[in-house]
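K.L.:
Sending over a structure as C-alpha cells; questions will come in a sec.
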Amino acid sequence: MTDITGLDAAFFRRWLTVAGTAVDREADRLTELDSAIGDADHGANLKRGFAAVRDVLDKEPPETPGAVLVAAGRQLISTVGGASGPLYGTLLRRTGKALGDSATVTREQLAAALTAGVGAVAQLGGAQVGDKTMLDALVPAAEALGESFEAAREAAERGALGTVPLQARKGRASYLGERSIGHQDPGATSSALLVAALAEVAAG
C-alpha cells in the first residue's frame with residue numbers, strides 16, 4: 001500500500017508507466033471511438049506518446065513529483081500529433097509546475113495541482129464541462145481527488161460515460177453536429193484511463 005501522505009517521484013513514475021500500459025491495452029478501443037467522431041488516430045497517438053514518456057523517465061528519472069510530470073508533459077507535446085499531445089502535455093506540465101519542487105506531495109496537494117492543470121487544458125481548448133471533451137472526465141476527477149483516489153477514478157469513469165448523449169461543441173467531433181450524439185468521447189475515455197491508473201498505483 002502506498003503511503004498516500006507522501007507521494008514521491010517514484011510514485012509518479014509508476015503512475016505514468018501504468019497509464020502507458022493501460023493506453024497500450026486500450027489503444028484499439030480509443031481509435032475505434034475516435035473513428036466515429038474524430039480522426040481515428042487517438043489510440044495510436046497516445047500509445048506513441050506514452051512510450052516516449054516511459055523512455056525519457058527511464059533514461060533520466062526526475063527527482064521530484066513536479067519534475068516527473070513536467071518532463072512527461074514536455075515529451076507528450078513533442079511526440080504526439082493532433083490535439084491530444086498539446087492538451088495532455090499541458091495537463092501534466094501545468095500540474096507538475098503547480099506541485100513545485102517538493103520531494104513528496106499529499107493527495108490534497110495533487111488534487112489542487114491537478115485542478116490547475118485541468119484549468120490550463122480548458123483555457124487551451126476553450127472548452128468546458130458538457131462540451132463532450134476530456135474535461136467531462138477530468139473536471140469531476142480533480143474535484144473528487146480531494147476525497148480519495150478511488151472517488152476520482154469513479155468520477156472520471158462516470159464523466160466519460162456521460163459524454164455518450166452529449167453533442168460535441170469543441171474539436172473535430174463538433175463538425176458532426178447532432179451526429180456526434182450517441183458516441184463516447186475518446187478524450188474523456190483516455191482521461192478516465194489516466195485517472196484509473198493513478199487510483200491503481202495508489203492502491204498498491
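Starting from 1 in every chain, residues are counted up; chains themselves are A, B, ... following the order of the C-alpha cells, and ligands are numbered from 1 as listed.
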Could you list, as a PDB file with C-alpha atoms, in the first residue's frame, every residue within 7 Å of Ser180 in chain A, counting only C-alpha atoms and ignoring same-chain residues fewer than 5 positions away?
P.N.:
ATOM      1  CA  ILE A  37     -16.322  11.222 -34.333  1.00  0.00           C
ATOM      2  CA  GLN A 167     -23.493  16.817 -28.680  1.00  0.00           C
ATOM      3  CA  ALA A 168     -19.856  17.808 -29.254  1.00  0.00           C
ATOM      4  CA  ALA A 173     -16.312  15.995 -33.344  1.00  0.00           C
TER       5      ALA A 173
END
K.L.:
Residues of range 56-191 of chain A in alpha helix (DSSP H) according to DSSP, as JSON, numbers by chain?
P.N.:
{"A": [56, 57, 58, 59, 65, 66, 67, 68, 69, 70, 71, 72, 73, 74, 75, 76, 77, 78, 79, 84, 85, 86, 87, 88, 89, 90, 91, 92, 93, 94, 95, 96, 97, 98, 99, 107, 108, 109, 110, 111, 112, 113, 114, 115, 116, 117, 118, 119, 120, 121, 122, 123, 124, 125, 135, 136, 137, 138, 139, 140, 141, 142, 143, 144, 145, 149, 150, 151, 152, 153, 154, 155, 156, 157, 158, 159, 160, 161, 186, 187, 188, 189, 190, 191]}
K.L.:
Ranking A:Ala188, A:Ile77, A:Leu91, A:Leu57 by minimum distance to Gly162 in chain A and counting only C-alpha atoms, which one comes first?
P.N.:
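Once distances to Gly162 in chain A are computed over only C-alpha atoms, the minimum belongs to A:Ala188.
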K.L.:
Have a look at A:Ala36, A:Val139, A:Ala144, A:Val118 and name the one nearest to His183 in chain A; count only C-alpha atoms.
P.N.:
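For His183 in chain A, the nearest of the candidates is A:Ala36.
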K.L.:
With distances taken over only C-alpha atoms, which of A:Thr133, A:Pro65, A:Ser35, A:Ala192 is nearest to Val105 in chain A?
P.N.:
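Ranked by minimum distance to Val105 in chain A, first place goes to A:Pro65.
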K.L.:
I'd like to know which of A:Val164, A:Ala155, A:Val129, A:Ala44 is closest to Ala196 in chain A, using only C-alpha atoms.
P.N.:
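Closest candidate: A:Ala155.
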K.L.:
Find the residues near Gly159 in chain A: any atom within 6 Å, counting only C-alpha atoms, skip ones fewer than 3 places away on the same chain, and give them as a PyMOL selection string.
P.N.:
chain A and resi 136-137+156+162
K.L.:
Between A:Glu147, A:Glu32, A:Asp131, A:Asp58, which residue has the minimum interatomic distance to Glu108 in chain A, considering only C-alpha atoms?
P.N.:
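With only C-alpha atoms as the atom set, the closest residue is A:Glu147.
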K.L.:
In Å to one decimal, how far is CA of Phe11 in chain A from CA of Gly96 in chain A?
P.N.:
13.5 Å
K.L.:
Show me, as a short mmCIF file (atom, residue, chain, number, x, y, z; two decimals) with all heavy atoms, in the first residue's frame, the residues that have an atom within 12 Å of Asp24 in chain A when counting only C-alpha atoms, minus same-chain residues fewer than 5 positions from it.
P.N.:
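As written to disk, part19.cif reads:
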data_model
loop_
_atom_site.label_atom_id
_atom_site.label_comp_id
_atom_site.auth_asym_id
_atom_site.auth_seq_id
_atom_site.Cartn_x
_atom_site.Cartn_y
_atom_site.Cartn_z
N THR A 17 3.81 4.98 -15.92
CA THR A 17 4.08 3.66 -16.51
C THR A 17 2.80 2.84 -16.60
O THR A 17 2.50 2.23 -17.65
CB THR A 17 5.13 2.90 -15.68
OG1 THR A 17 6.34 3.66 -15.67
CG2 THR A 17 5.41 1.52 -16.24
N VAL A 18 2.02 2.82 -15.52
CA VAL A 18 0.75 2.09 -15.51
C VAL A 18 -0.23 2.71 -16.50
O VAL A 18 -0.95 2.00 -17.21
CB VAL A 18 0.16 2.04 -14.08
CG1 VAL A 18 -1.26 1.48 -14.08
CG2 VAL A 18 1.05 1.21 -13.16
N ALA A 19 -0.23 4.04 -16.59
CA ALA A 19 -1.09 4.71 -17.57
C ALA A 19 -0.71 4.31 -18.99
O ALA A 19 -1.57 4.05 -19.83
CB ALA A 19 -0.98 6.23 -17.41
N ARG A 29 -9.40 0.37 -28.88
CA ARG A 29 -10.73 0.87 -28.49
C ARG A 29 -10.78 2.40 -28.61
O ARG A 29 -11.76 2.96 -29.09
CB ARG A 29 -11.04 0.44 -27.06
CG ARG A 29 -12.36 1.00 -26.51
CD ARG A 29 -12.73 0.36 -25.19
NE ARG A 29 -13.79 1.10 -24.54
CZ ARG A 29 -13.63 1.85 -23.44
NH1 ARG A 29 -12.44 1.95 -22.87
NH2 ARG A 29 -14.65 2.49 -22.90
N LEU A 30 -9.71 3.06 -28.18
CA LEU A 30 -9.67 4.53 -28.28
C LEU A 30 -9.73 4.98 -29.74
O LEU A 30 -10.41 5.95 -30.08
CB LEU A 30 -8.39 5.07 -27.62
CG LEU A 30 -8.29 4.92 -26.11
CD1 LEU A 30 -6.91 5.34 -25.62
CD2 LEU A 30 -9.38 5.71 -25.40
N THR A 31 -9.03 4.26 -30.60
CA THR A 31 -9.04 4.59 -32.03
C THR A 31 -10.42 4.32 -32.63
O THR A 31 -10.90 5.09 -33.47
CB THR A 31 -7.94 3.81 -32.76
OG1 THR A 31 -6.67 4.31 -32.33
CG2 THR A 31 -8.04 3.95 -34.27
N HIS A 42 -6.50 8.60 -32.21
CA HIS A 42 -6.30 8.92 -30.79
C HIS A 42 -5.51 7.82 -30.07
O HIS A 42 -4.56 8.11 -29.34
CB HIS A 42 -7.65 9.14 -30.10
CG HIS A 42 -7.54 9.69 -28.71
ND1 HIS A 42 -6.96 10.91 -28.45
CD2 HIS A 42 -7.92 9.20 -27.51
CE1 HIS A 42 -7.01 11.16 -27.14
NE2 HIS A 42 -7.58 10.12 -26.56
N GLY A 43 -5.89 6.56 -30.29
CA GLY A 43 -5.20 5.46 -29.63
C GLY A 43 -3.75 5.35 -30.05
O GLY A 43 -2.85 5.25 -29.20
N ALA A 44 -3.50 5.42 -31.35
CA ALA A 44 -2.13 5.30 -31.86
C ALA A 44 -1.26 6.46 -31.39
O ALA A 44 -0.10 6.27 -31.01
CB ALA A 44 -2.16 5.24 -33.39
N ASN A 45 -1.83 7.67 -31.40
CA ASN A 45 -1.06 8.84 -30.96
C ASN A 45 -0.67 8.75 -29.49
O ASN A 45 0.48 9.00 -29.13
CB ASN A 45 -1.89 10.12 -31.19
CG ASN A 45 -1.86 10.59 -32.63
OD1 ASN A 45 -1.05 10.14 -33.43
ND2 ASN A 45 -2.76 11.49 -32.97
N LEU A 46 -1.64 8.39 -28.64
CA LEU A 46 -1.34 8.30 -27.21
C LEU A 46 -0.38 7.15 -26.90
O LEU A 46 0.48 7.27 -26.04
CB LEU A 46 -2.63 8.12 -26.41
CG LEU A 46 -3.46 9.38 -26.15
CD1 LEU A 46 -4.59 9.06 -25.18
CD2 LEU A 46 -2.62 10.52 -25.62
N LYS A 47 -0.53 6.06 -27.63
CA LYS A 47 0.37 4.91 -27.44
C LYS A 47 1.82 5.33 -27.72
O LYS A 47 2.73 5.03 -26.94
CB LYS A 47 -0.06 3.77 -28.38
CG LYS A 47 0.66 2.46 -28.16
CD LYS A 47 0.02 1.38 -29.02
CE LYS A 47 0.74 0.05 -28.83
NZ LYS A 47 0.08 -1.04 -29.59
N ARG A 48 2.02 6.05 -28.80
CA ARG A 48 3.35 6.54 -29.15
C ARG A 48 3.86 7.53 -28.10
O ARG A 48 5.01 7.49 -27.68
CB ARG A 48 3.31 7.20 -30.54
CG ARG A 48 4.68 7.64 -31.05
CD ARG A 48 4.62 8.11 -32.48
NE ARG A 48 3.89 9.35 -32.63
CZ ARG A 48 2.68 9.47 -33.19
NH1 ARG A 48 2.07 8.41 -33.67
NH2 ARG A 48 2.08 10.64 -33.28
N GLY A 49 2.97 8.41 -27.66
CA GLY A 49 3.35 9.43 -26.69
C GLY A 49 3.77 8.84 -25.35
O GLY A 49 4.80 9.23 -24.79
N PHE A 50 2.99 7.89 -24.84
CA PHE A 50 3.31 7.32 -23.53
C PHE A 50 4.53 6.40 -23.59
O PHE A 50 5.24 6.25 -22.59
CB PHE A 50 2.08 6.63 -22.92
CG PHE A 50 1.20 7.59 -22.18
CD1 PHE A 50 0.12 8.18 -22.82
CD2 PHE A 50 1.45 7.92 -20.85
CE1 PHE A 50 -0.69 9.10 -22.14
CE2 PHE A 50 0.66 8.82 -20.17
CZ PHE A 50 -0.42 9.42 -20.81
N ALA A 51 4.77 5.80 -24.74
CA ALA A 51 6.02 5.02 -24.91
C ALA A 51 7.22 5.96 -24.82
O ALA A 51 8.24 5.64 -24.19
CB ALA A 51 6.01 4.30 -26.26
N SER A 190 -9.86 8.31 -22.61
CA SER A 190 -8.43 8.17 -22.28
C SER A 190 -8.10 8.90 -20.98
O SER A 190 -7.24 8.45 -20.21
CB SER A 190 -7.55 8.66 -23.43
OG SER A 190 -7.81 10.00 -23.76
N LEU A 193 -8.85 6.63 -18.22
CA LEU A 193 -7.79 5.62 -18.09
C LEU A 193 -6.63 6.16 -17.26
O LEU A 193 -6.06 5.45 -16.42
CB LEU A 193 -7.25 5.22 -19.48
CG LEU A 193 -8.09 4.35 -20.38
CD1 LEU A 193 -7.36 4.12 -21.70
CD2 LEU A 193 -8.40 3.02 -19.72
N LEU A 194 -6.28 7.41 -17.49
CA LEU A 194 -5.18 8.05 -16.76
C LEU A 194 -5.50 8.13 -15.27
O LEU A 194 -4.66 7.84 -14.42
CB LEU A 194 -4.95 9.45 -17.33
CG LEU A 194 -3.64 10.16 -17.01
CD1 LEU A 194 -2.45 9.43 -17.62
CD2 LEU A 194 -3.67 11.60 -17.50
#
K.L.:
Quick one: pull the distance between CA of Leu124 in chain A and CA of Ser84 in chain A, Å, one decimal.
P.N.:
11.4 Å
K.L.:
Smallest atom-to-atom distance to Ala103 in chain A: which of A:Ala203, A:Glu157, A:Asp8, A:Ala122, using only C-alpha atoms?
P.N.:
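Comparing A:Ala203, A:Glu157, A:Asp8, A:Ala122 against Ala103 in chain A, the winner is A:Asp8.
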K.L.:
Can you work out the spacing between CA of Gly100 in chain A and CA of Ala160 in chain A in Å, to one decimal?
P.N.:
29.5 Å
